[in-house]
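Quick look at target.cif (mmCIF, C-alpha atoms and all ligand atoms):
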data_work
loop_
_atom_site.label_atom_id
_atom_site.label_comp_id
_atom_site.auth_asym_id
_atom_site.auth_seq_id
_atom_site.Cartn_x
_atom_site.Cartn_y
_atom_site.Cartn_z
CA MET L 1 0.00 0.00 0.00
CA ASN L 2 1.24 3.45 -0.93
CA PHE L 3 0.68 6.27 1.54
CA VAL L 4 0.01 8.85 -1.17
CA SER L 5 -2.66 6.64 -2.75
CA SER L 6 -4.23 6.21 0.68
CA ALA L 7 -4.49 10.01 0.91
CA GLU L 8 -7.48 10.03 -1.41
CA GLY L 9 -9.10 12.84 0.56
CA LEU L 10 -6.61 15.18 -1.10
CA PRO L 11 -7.05 16.31 -4.71
CA THR L 12 -4.24 14.87 -6.91
CA LYS L 13 -3.61 18.41 -8.12
CA ILE L 14 -2.31 19.53 -4.73
CA LEU L 15 0.16 16.63 -4.60
CA VAL L 16 1.41 17.47 -8.09
CA GLU L 17 1.79 21.09 -7.03
CA LEU L 18 3.66 20.03 -3.92
CA GLU L 19 6.20 18.20 -6.12
CA ARG L 20 6.55 21.33 -8.30
CA LYS L 21 7.08 23.49 -5.26
CA LEU L 22 9.80 21.13 -4.02
CA GLU L 23 11.51 21.18 -7.43
CA SER L 24 11.41 24.97 -7.38
CA ALA L 25 12.99 24.98 -3.93
CA VAL L 26 16.27 23.67 -5.34
CA GLY L 27 16.17 25.54 -8.65
CA ASP L 28 18.14 28.69 -7.70
CA ASP L 29 21.60 27.20 -8.11
CA PRO L 30 22.90 24.54 -10.56
CA PHE L 31 24.93 22.61 -7.96
CA ILE L 32 22.08 22.59 -5.43
CA SER L 33 19.68 21.49 -8.13
CA GLU L 34 21.93 18.59 -9.19
CA ALA L 35 22.69 17.54 -5.61
CA CYS L 36 19.21 17.92 -4.11
CA THR L 37 16.82 16.78 -6.85
CA PRO L 38 17.59 13.07 -6.27
CA LEU L 39 17.43 13.57 -2.48
CA LEU L 40 13.91 14.97 -2.72
CA LYS L 41 12.61 12.11 -4.88
CA GLY L 42 11.04 8.94 -3.52
CA GLY L 43 9.89 10.15 -0.11
CA LYS L 44 6.51 9.12 1.24
CA ARG L 45 5.49 12.80 1.75
CA LEU L 46 3.94 11.58 4.99
CA ARG L 47 4.55 14.85 6.87
CA PRO L 48 3.16 17.35 4.31
CA ILE L 49 0.22 15.04 3.60
CA LEU L 50 -0.63 14.81 7.31
CA PHE L 51 -0.43 18.60 7.45
CA LEU L 52 -2.70 19.06 4.42
CA ILE L 53 -5.23 16.46 5.52
CA SER L 54 -5.42 17.89 9.03
CA SER L 55 -6.13 21.30 7.52
CA ARG L 56 -9.32 19.81 6.03
CA ALA L 57 -10.61 18.35 9.28
CA GLY L 58 -13.17 21.13 9.63
CA GLY L 59 -14.15 21.06 5.94
CA SER L 60 -12.36 22.56 2.93
CA SER L 61 -9.21 24.69 3.22
CA SER L 62 -7.25 26.97 0.92
CA TYR L 63 -4.47 24.77 -0.48
CA GLU L 64 -2.80 27.60 -2.33
CA LYS L 65 -2.03 29.36 0.93
CA LEU L 66 -0.90 26.12 2.61
CA LEU L 67 1.33 24.76 -0.16
CA PRO L 68 4.53 26.68 0.78
CA LEU L 69 4.21 25.44 4.37
CA ALA L 70 3.62 21.87 3.15
CA ALA L 71 6.79 22.13 1.05
CA ALA L 72 8.70 23.70 3.95
CA ILE L 73 7.75 20.74 6.15
CA GLU L 74 9.15 18.27 3.58
CA LEU L 75 12.30 20.40 3.18
CA ILE L 76 12.94 20.43 6.95
CA HIS L 77 12.47 16.66 6.98
CA THR L 78 14.86 16.19 4.03
CA ALA L 79 17.45 18.51 5.61
CA SER L 80 17.28 16.46 8.81
CA LEU L 81 17.79 13.23 6.82
CA VAL L 82 20.82 14.72 5.02
CA HIS L 83 22.35 15.52 8.41
CA ASP L 84 21.23 12.19 9.87
CA ASP L 85 23.01 10.31 7.09
CA ILE L 86 26.23 12.16 7.92
CA LEU L 87 25.87 11.22 11.59
CA ASP L 88 25.07 7.58 10.72
CA ALA L 89 27.63 7.44 7.87
CA SER L 90 24.82 6.02 5.70
CA LYS L 91 25.61 5.56 2.03
CA VAL L 92 22.17 4.87 0.59
CA ARG L 93 18.74 6.40 1.26
CA ARG L 94 15.56 6.10 -0.79
CA GLY L 95 17.56 3.84 -3.10
CA VAL L 96 20.08 6.57 -4.06
CA SER L 97 23.50 7.68 -2.79
CA THR L 98 23.37 9.98 0.22
CA ALA L 99 24.84 13.50 0.00
CA ASN L 100 27.73 12.49 2.29
CA ALA L 101 28.55 9.44 0.13
CA LYS L 102 28.58 11.62 -3.00
CA TYR L 103 30.19 14.86 -1.83
CA GLY L 104 31.74 14.14 1.58
CA ALA L 105 30.49 15.19 5.01
CA GLN L 106 31.57 18.85 4.78
CA VAL L 107 29.59 19.63 1.64
CA ALA L 108 26.68 17.47 2.84
CA VAL L 109 26.34 19.57 6.03
CA LEU L 110 25.96 22.64 3.84
CA ILE L 111 23.46 20.94 1.51
CA GLY L 112 21.31 20.16 4.58
CA ASP L 113 21.69 23.78 5.77
CA TYR L 114 20.62 25.06 2.35
CA LEU L 115 17.42 22.96 2.34
CA PHE L 116 16.73 24.12 5.88
CA ALA L 117 17.19 27.79 4.90
CA LYS L 118 14.92 27.34 1.89
CA ALA L 119 12.23 25.92 4.15
CA PHE L 120 12.30 29.09 6.22
CA GLU L 121 12.19 31.26 3.11
CA PHE L 122 8.89 29.52 2.19
CA VAL L 123 7.59 30.01 5.74
CA ALA L 124 8.56 33.69 5.84
CA ASN L 125 6.94 34.37 2.46
CA GLY L 126 3.76 32.56 3.53
CA HIS L 127 3.18 34.96 6.50
CA TYR L 128 1.69 32.22 8.65
CA GLY L 129 2.19 34.06 11.94
CA ASP L 130 4.12 33.63 15.17
CA GLU L 131 2.44 30.44 16.38
CA VAL L 132 3.41 28.56 13.20
CA SER L 133 7.03 29.75 13.53
CA ALA L 134 7.05 28.74 17.19
CA ILE L 135 5.74 25.23 16.38
CA LEU L 136 8.36 24.79 13.64
CA SER L 137 11.20 25.99 15.83
CA ARG L 138 10.07 23.72 18.69
CA LEU L 139 9.91 20.69 16.42
CA VAL L 140 13.40 21.32 15.04
CA LYS L 141 14.82 21.86 18.56
CA ASN L 142 13.26 18.53 19.58
CA LEU L 143 14.73 16.81 16.51
CA CYS L 144 18.17 18.10 17.50
CA ILE L 145 17.81 17.07 21.15
CA GLY L 146 16.59 13.62 20.06
CA GLU L 147 19.60 13.18 17.80
CA ILE L 148 22.02 14.49 20.43
CA LYS L 149 20.65 12.10 23.06
CA GLN L 150 20.92 9.26 20.56
CA ASP L 151 24.48 10.17 19.62
CA LEU L 152 25.63 10.50 23.21
CA SER L 153 24.36 7.03 24.04
CA LEU L 154 25.50 4.94 21.08
CA PHE L 155 26.26 1.29 21.86
CA THR L 156 24.55 1.74 25.25
CA ILE L 157 21.38 -0.12 26.14
CA PRO L 158 18.59 2.37 26.81
CA THR L 159 15.72 1.79 29.22
CA LEU L 160 12.30 1.46 27.60
CA GLY L 161 11.57 4.99 28.83
CA GLU L 162 14.74 6.37 27.22
CA TYR L 163 13.89 4.61 23.94
CA TYR L 164 10.40 6.12 23.95
CA GLU L 165 11.71 9.58 24.80
CA ARG L 166 14.12 9.36 21.85
CA ILE L 167 11.52 8.28 19.30
CA ALA L 168 9.11 10.94 20.56
CA LEU L 169 11.74 13.65 20.11
CA LYS L 170 13.03 12.56 16.73
CA THR L 171 9.80 11.42 15.05
CA ALA L 172 6.52 11.61 16.94
CA ILE L 173 6.72 15.32 17.80
CA PHE L 174 7.36 16.05 14.11
CA LEU L 175 4.25 14.13 12.98
CA SER L 176 2.22 15.64 15.79
CA SER L 177 3.40 19.14 14.77
CA CYS L 178 2.31 18.50 11.16
CA CYS L 179 -1.23 17.71 12.32
CA ARG L 180 -1.20 20.66 14.74
CA LEU L 181 -0.02 23.02 11.98
CA GLY L 182 -2.75 21.80 9.61
CA ALA L 183 -5.51 22.29 12.17
CA LEU L 184 -4.10 25.63 13.30
CA THR L 185 -3.66 27.19 9.86
CA ALA L 186 -7.19 26.08 8.92
CA GLY L 187 -8.47 28.04 11.94
CA LEU L 188 -9.98 25.03 13.75
CA GLU L 189 -10.99 25.32 17.36
CA ARG L 190 -8.48 24.48 20.11
CA SER L 191 -10.02 21.13 21.07
CA MET L 192 -9.68 19.92 17.44
CA ILE L 193 -6.09 21.21 17.25
CA GLU L 194 -5.17 19.33 20.43
CA ALA L 195 -6.96 16.13 19.34
CA LEU L 196 -5.26 16.08 15.92
CA SER L 197 -1.93 16.82 17.52
CA SER L 198 -2.40 13.91 19.89
CA TYR L 199 -3.39 11.68 16.93
CA GLY L 200 -0.08 12.66 15.23
CA MET L 201 1.91 11.87 18.37
CA SER L 202 0.56 8.31 18.65
CA LEU L 203 0.95 7.83 14.91
CA GLY L 204 4.56 9.01 15.15
CA LEU L 205 5.41 6.50 17.88
CA ALA L 206 3.91 3.70 15.75
CA PHE L 207 5.76 4.99 12.69
CA GLN L 208 9.19 4.96 14.40
CA ILE L 209 8.68 1.53 15.98
CA THR L 210 7.80 0.21 12.50
CA ASP L 211 10.86 1.98 11.07
CA ASP L 212 13.02 0.30 13.71
CA LEU L 213 11.47 -3.08 12.83
CA LEU L 214 12.21 -2.57 9.13
CA ASP L 215 15.92 -2.31 9.99
CA PHE L 216 15.74 -6.05 10.81
CA PHE L 217 12.84 -7.38 8.82
CA GLY L 218 12.62 -5.03 5.82
CA ASP L 219 13.39 -5.63 2.18
CA GLU L 220 16.31 -3.40 1.13
CA ALA L 221 14.84 -3.01 -2.36
CA LEU L 222 11.68 -1.52 -0.88
CA THR L 223 13.05 0.48 2.06
CA GLY L 224 15.93 1.87 -0.03
CA LYS L 225 18.20 1.47 3.03
CA LYS L 226 20.69 -1.17 4.12
CA LEU L 227 19.47 -3.68 6.71
CA GLY L 228 21.12 -3.47 10.13
CA GLY L 229 22.02 0.22 9.70
CA ASP L 230 20.86 1.16 13.21
CA LEU L 231 22.83 -1.46 15.05
CA LYS L 232 25.96 -0.89 12.95
CA SER L 233 25.92 2.77 13.95
CA GLY L 234 25.24 1.86 17.60
CA VAL L 235 21.56 2.85 17.79
CA ILE L 236 19.82 0.34 20.04
CA THR L 237 16.14 0.11 19.16
CA LEU L 238 13.04 -1.72 20.43
CA PRO L 239 13.57 -4.97 18.44
CA ILE L 240 17.02 -5.30 20.03
CA LEU L 241 15.71 -4.48 23.51
CA ARG L 242 13.15 -7.25 23.11
CA ALA L 243 15.73 -9.80 21.95
CA LEU L 244 18.31 -9.03 24.68
CA GLY L 245 17.66 -12.35 26.40
CA SER L 246 20.49 -13.43 24.10
CA GLU L 247 23.86 -12.66 25.72
CA GLU L 248 25.50 -13.00 22.32
CA LEU L 249 23.31 -10.21 20.95
CA ARG L 250 24.04 -8.01 23.96
CA SER L 251 27.79 -8.37 23.46
CA ILE L 252 27.55 -7.57 19.71
CA VAL L 253 25.37 -4.46 20.00
CA THR L 254 27.28 -2.85 22.85
CA ARG L 255 30.66 -3.00 21.11
CA GLU L 256 31.89 -0.28 18.74
CA GLY L 257 33.17 -1.33 15.30
CA ILE L 258 30.77 -4.21 14.63
CA SER L 259 31.87 -6.25 11.61
CA ASP L 260 29.50 -7.03 8.72
CA GLY L 261 29.41 -10.69 9.85
CA GLU L 262 28.38 -9.61 13.36
CA VAL L 263 25.65 -7.34 11.94
CA GLU L 264 24.28 -10.37 10.06
CA ARG L 265 24.46 -12.52 13.19
CA ALA L 266 22.67 -9.85 15.25
CA ILE L 267 19.91 -9.64 12.62
CA GLU L 268 19.59 -13.44 12.78
CA LEU L 269 19.29 -13.34 16.58
CA VAL L 270 16.63 -10.60 16.51
CA ARG L 271 14.72 -12.52 13.84
CA ALA L 272 14.86 -15.69 15.94
CA SER L 273 13.29 -13.89 18.92
CA ASP L 274 9.68 -12.71 19.31
CA ALA L 275 10.71 -9.09 18.59
CA LEU L 276 8.63 -8.89 15.41
CA MET L 277 5.40 -9.88 17.15
CA TYR L 278 6.13 -7.76 20.21
CA CYS L 279 7.03 -4.58 18.30
CA ARG L 280 4.10 -4.96 15.92
CA ARG L 281 1.76 -5.27 18.87
CA ARG L 282 3.23 -2.13 20.41
CA ALA L 283 2.94 -0.21 17.13
CA GLU L 284 -0.65 -1.40 16.70
CA ALA L 285 -1.49 -0.22 20.22
CA HIS L 286 -0.26 3.28 19.34
CA VAL L 287 -2.23 3.23 16.10
CA GLU L 288 -5.33 2.25 18.06
CA ALA L 289 -4.67 5.13 20.47
CA ALA L 290 -4.38 7.44 17.44
CA ARG L 291 -7.75 6.23 16.12
CA LEU L 292 -9.47 6.65 19.48
CA VAL L 293 -8.42 10.25 19.87
CA LEU L 294 -9.81 11.36 16.50
CA PRO L 295 -12.59 13.85 17.21
CA THR L 296 -16.08 12.73 16.21
CA MET L 297 -16.93 16.13 14.71
CA ILE L 298 -14.20 15.73 12.12
CA ASP L 299 -15.13 15.81 8.41
CA PRO L 300 -15.98 12.13 7.55
CA THR L 301 -13.78 12.01 4.40
CA VAL L 302 -10.85 13.30 6.43
CA SER L 303 -11.43 10.91 9.27
CA LYS L 304 -11.44 8.01 6.76
CA VAL L 305 -8.09 9.16 5.35
CA LEU L 306 -6.61 9.57 8.83
CA GLU L 307 -7.74 6.01 9.64
CA GLN L 308 -6.11 4.78 6.42
CA ALA L 309 -2.92 6.66 7.28
CA ALA L 310 -2.89 4.90 10.64
CA ALA L 311 -3.28 1.49 8.96
CA PHE L 312 -0.51 2.31 6.47
CA ILE L 313 1.90 3.23 9.27
CA VAL L 314 2.03 -0.31 10.69
CA ASP L 315 1.53 -2.27 7.45
CA ARG L 316 4.11 -0.44 5.37
CA SER L 317 7.12 -2.25 3.95
CA TRP L 318 9.04 0.96 3.10
C1 LIG K 401 16.07 9.60 10.83
O1 LIG K 401 15.93 8.68 11.87
C2 LIG K 401 16.40 10.96 11.35
C3 LIG K 401 15.61 11.76 12.05
C4 LIG K 401 14.22 11.36 12.35
C5 LIG K 401 15.99 13.11 12.57
C6 LIG K 401 17.35 13.64 12.23
C7 LIG K 401 17.58 14.98 12.87
C8 LIG K 401 18.73 15.69 12.87
C9 LIG K 401 19.95 15.18 12.22
C10 LIG K 401 18.80 17.02 13.57
C11 LIG K 401 18.00 18.11 12.90
C12 LIG K 401 18.61 18.70 11.71
C13 LIG K 401 17.98 19.61 10.86
C14 LIG K 401 18.71 20.23 9.72
C15 LIG K 401 16.56 19.96 10.99
P1 LIG K 401 16.59 7.25 11.84
O2 LIG K 401 18.08 7.38 11.83
O3 LIG K 401 15.99 6.47 12.94
O4 LIG K 401 16.02 6.66 10.50
P2 LIG K 401 16.74 6.18 9.19
O5 LIG K 401 16.85 4.71 9.33
O6 LIG K 401 15.78 6.58 8.10
O7 LIG K 401 18.05 6.88 9.08
MG MG K 402 19.54 7.24 10.36
#
Do you think you could lay out the structure here as structure tokens?
Ligand code: FPP
Ligand code: MG
Amino acid sequence: MNFVSSAEGLPTKILVELERKLESAVGDDPFISEACTPLLKGGKRLRPILFLISSRAGGSSSYEKLLPLAAAIELIHTASLVHDDILDASKVRRGVSTANAKYGAQVAVLIGDYLFAKAFEFVANGHYGDEVSAILSRLVKNLCIGEIKQDLSLFTIPTLGEYYERIALKTAIFLSSCCRLGALTAGLERSMIEALSSYGMSLGLAFQITDDLLDFFGDEALTGKKLGGDLKSGVITLPILRALGSEELRSIVTREGISDGEVERAIELVRASDALMYCRRRAEAHVEAARLVLPTMIDPTVSKVLEQAAAFIVDRSW
């Protein structure tokens, strides 16, 4: 199932225009255009779609006005992935070479900064007001804190609470902010804004748990990323926590400089445990929480799409 096709509550035109807006974002400079066009292709557009759908929760909304903010959201996400790939030394994302693999870490940092700056150009030109800027700045600060916490605790086994804090900071708050921004810019009442934001938070937790599962159980051709990337870079996720009954696994994941053979062995050990079932159940519980919090007064087409989005989050294979 494709997330975009599940977003049938949105006119196709707006999604085509979103792609155009993203292309235009990297069109000012030939090097940026060459370097960034492949990086912007192939994403699920989950964040801007959640933003746009949430903006329709009270009925129709003016897409023209919201498009620059939708594009800015995707640009912030892409900038964060460019920087994340430097931190993780990842070579492939979305099936193509990462900026750091192609141009080295120094240039890649600046490519990420450029995308980030362009996002704020779109936001400034859209005149969305102080609350929108405050939400965006809070979400980026949380992304940074999440990444810092993760980087300062590589190869260390987190508690369940620490794991959840990390995935909230680096993913769930972002998804929640997208829903909040949609509801806010559409002028919905506070109770709807809070409910949609809470929906996004639960969805985000489910999304990151599924992402962490895909690192062990995914198909590289579909995810566009190498299996075992998290554990190779020292990020200890929920599937590993669940499988830690194995002393062998514990000794592999807590040691820096894991060999490719050890990565394969660790994947085998996680696969042999009940981590898949356990993590899926956890993700499904968050999706259920997301469904339950959806306000009843929401536009029925929108609520159907938000339900489909929730189902996609746990069933996705990419
Ligand atoms: C991917 O997670 C990365 C993130 C969710 C956030 C990265 C954030 C930063 C580097 C800081 C913010 C920077 C800017 C410019 C806004 P993952 O590593 O779990 O997933 P992956 O397997 O897709 O890499
Ligand atoms: Mg990463």
Site check for ligand LIG 401 (chain K): residues at most 7 Å away, all atoms listed in the file, as a list in words: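 Those residues are Ile76, His77, Ala79, Ser80, Leu81, His83, Asp84, Asp85, Gly112, Asp113, Phe116, Val140, Leu143, Cys144, Glu147, Lys170, Thr171, Asp211, Asp212, Gly229 and Asp230 of chain L.
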If you keep C-alpha atoms, can you produce a file of those selected residues as a PDB file, keeping the file's coordinate frame?
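Contents of the output file out.pdb:
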ATOM      1  CA  ILE L  76      12.940  20.430   6.950  1.00  0.00           C
ATOM      2  CA  HIS L  77      12.470  16.660   6.980  1.00  0.00           C
ATOM      3  CA  ALA L  79      17.450  18.510   5.610  1.00  0.00           C
ATOM      4  CA  SER L  80      17.280  16.460   8.810  1.00  0.00           C
ATOM      5  CA  LEU L  81      17.790  13.230   6.820  1.00  0.00           C
ATOM      6  CA  HIS L  83      22.350  15.520   8.410  1.00  0.00           C
ATOM      7  CA  ASP L  84      21.230  12.190   9.870  1.00  0.00           C
ATOM      8  CA  ASP L  85      23.010  10.310   7.090  1.00  0.00           C
ATOM      9  CA  GLY L 112      21.310  20.160   4.580  1.00  0.00           C
ATOM     10  CA  ASP L 113      21.690  23.780   5.770  1.00  0.00           C
ATOM     11  CA  PHE L 116      16.730  24.120   5.880  1.00  0.00           C
ATOM     12  CA  VAL L 140      13.400  21.320  15.040  1.00  0.00           C
ATOM     13  CA  LEU L 143      14.730  16.810  16.510  1.00  0.00           C
ATOM     14  CA  CYS L 144      18.170  18.100  17.500  1.00  0.00           C
ATOM     15  CA  GLU L 147      19.600  13.180  17.800  1.00  0.00           C
ATOM     16  CA  LYS L 170      13.030  12.560  16.730  1.00  0.00           C
ATOM     17  CA  THR L 171       9.800  11.420  15.050  1.00  0.00           C
ATOM     18  CA  ASP L 211      10.860   1.980  11.070  1.00  0.00           C
ATOM     19  CA  ASP L 212      13.020   0.300  13.710  1.00  0.00           C
ATOM     20  CA  GLY L 229      22.020   0.220   9.700  1.00  0.00           C
ATOM     21  CA  ASP L 230      20.860   1.160  13.210  1.00  0.00           C
TER      22      ASP L 230
END
Return as a tab-separated table the residues of chain L lying at most 12 Å from ligand MG 402 (chain K), together with the closest atom-to-atom pair for each and the distance in Å to one decimal, counting all atoms listed in the file, with rows in chain order and ascending residue number.
residue	atom	partner	partner_atom	distance
L:Thr78	CA	K:MG402	MG	11.9
L:Ser80	CA	K:MG402	MG	9.6
L:Leu81	CA	K:MG402	MG	7.2
L:Val82	CA	K:MG402	MG	9.3
L:His83	CA	K:MG402	MG	9.0
L:Asp84	CA	K:MG402	MG	5.3
L:Asp85	CA	K:MG402	MG	5.7
L:Ile86	CA	K:MG402	MG	8.7
L:Leu87	CA	K:MG402	MG	7.6
L:Asp88	CA	K:MG402	MG	5.6
L:Ala89	CA	K:MG402	MG	8.5
L:Ser90	CA	K:MG402	MG	7.1
L:Lys91	CA	K:MG402	MG	10.4
L:Val92	CA	K:MG402	MG	10.4
L:Arg93	CA	K:MG402	MG	9.2
L:Arg94	CA	K:MG402	MG	11.9
L:Thr98	CA	K:MG402	MG	11.2
L:Gly146	CA	K:MG402	MG	12.0
L:Glu147	CA	K:MG402	MG	9.5
L:Gln150	CA	K:MG402	MG	10.5
L:Asp151	CA	K:MG402	MG	10.9
L:Lys170	CA	K:MG402	MG	10.5
L:Thr171	CA	K:MG402	MG	11.6
L:Gln208	CA	K:MG402	MG	11.3
L:Asp211	CA	K:MG402	MG	10.2
L:Asp212	CA	K:MG402	MG	10.1
L:Asp215	CA	K:MG402	MG	10.2
L:Lys225	CA	K:MG402	MG	9.4
L:Lys226	CA	K:MG402	MG	10.5
L:Leu227	CA	K:MG402	MG	11.5
L:Gly228	CA	K:MG402	MG	10.8
L:Gly229	CA	K:MG402	MG	7.5
L:Asp230	CA	K:MG402	MG	6.8
L:Leu231	CA	K:MG402	MG	10.4
L:Lys232	CA	K:MG402	MG	10.7
L:Ser233	CA	K:MG402	MG	8.6
L:Gly234	CA	K:MG402	MG	10.7
L:Val235	CA	K:MG402	MG	8.9
L:Ile236	CA	K:MG402	MG	11.9
L:Thr237	CA	K:MG402	MG	11.8
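When all atoms listed in the file are used to compute distances to Ile313 of chain L, the closest of the residues L:Leu292, L:Leu203, L:Ile193, L:Leu52 turns out to be L:Leu203.
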Using all atoms listed in the file for the distances, tell me which of L:Gln106, L:Thr37, L:Glu268, L:Arg242 is nearest to Pro158 of chain L.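 The answer is L:Arg242, which sits nearest to Pro158 of chain L.
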Shortest interatomic distance to Arg138 of chain L - which of L:Ile173, L:Arg56, L:Gly218, L:Ala183, counting all atoms listed in the file: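 Closest to Arg138 of chain L, using all atoms listed in the file: L:Ile173.
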Point out the residue among L:Asn142, L:Thr223, L:Ser137, L:Ser246 with the least atom-to-atom distance to Gly42 of chain L, counting all atoms listed in the file.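 Closest residue, counting all atoms listed in the file: L:Thr223.
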Could you please give me, as a list in words, the residues of protein, DNA or RNA lying at most 9 Å from (16.2, -8.2, 11.0) in the coordinate frame of the file, considering all atoms listed in the file?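 Output of the proximity query reads Leu213, Leu214, Asp215, Phe216, Phe217, Gly218, Leu227, Gly228, Pro239, Glu264, Ala266, Ile267, Glu268, Leu269, Val270, Arg271 and Leu276 of chain L.
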Smallest atom-to-atom distance to Ile157 of chain L: which of L:Leu249, L:Ala206, L:Ala289, L:Leu50, using all atoms listed in the file?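 Among the listed residues, L:Leu249 lies closest to Ile157 of chain L.
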With distances taken over all atoms listed in the file, which residue among L:Gly200, L:Gly245, L:Thr185, L:Phe120 lies nearest Ser61 of chain L?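 When distances to Ser61 of chain L are compared using all atoms listed in the file, the smallest one comes from L:Thr185.
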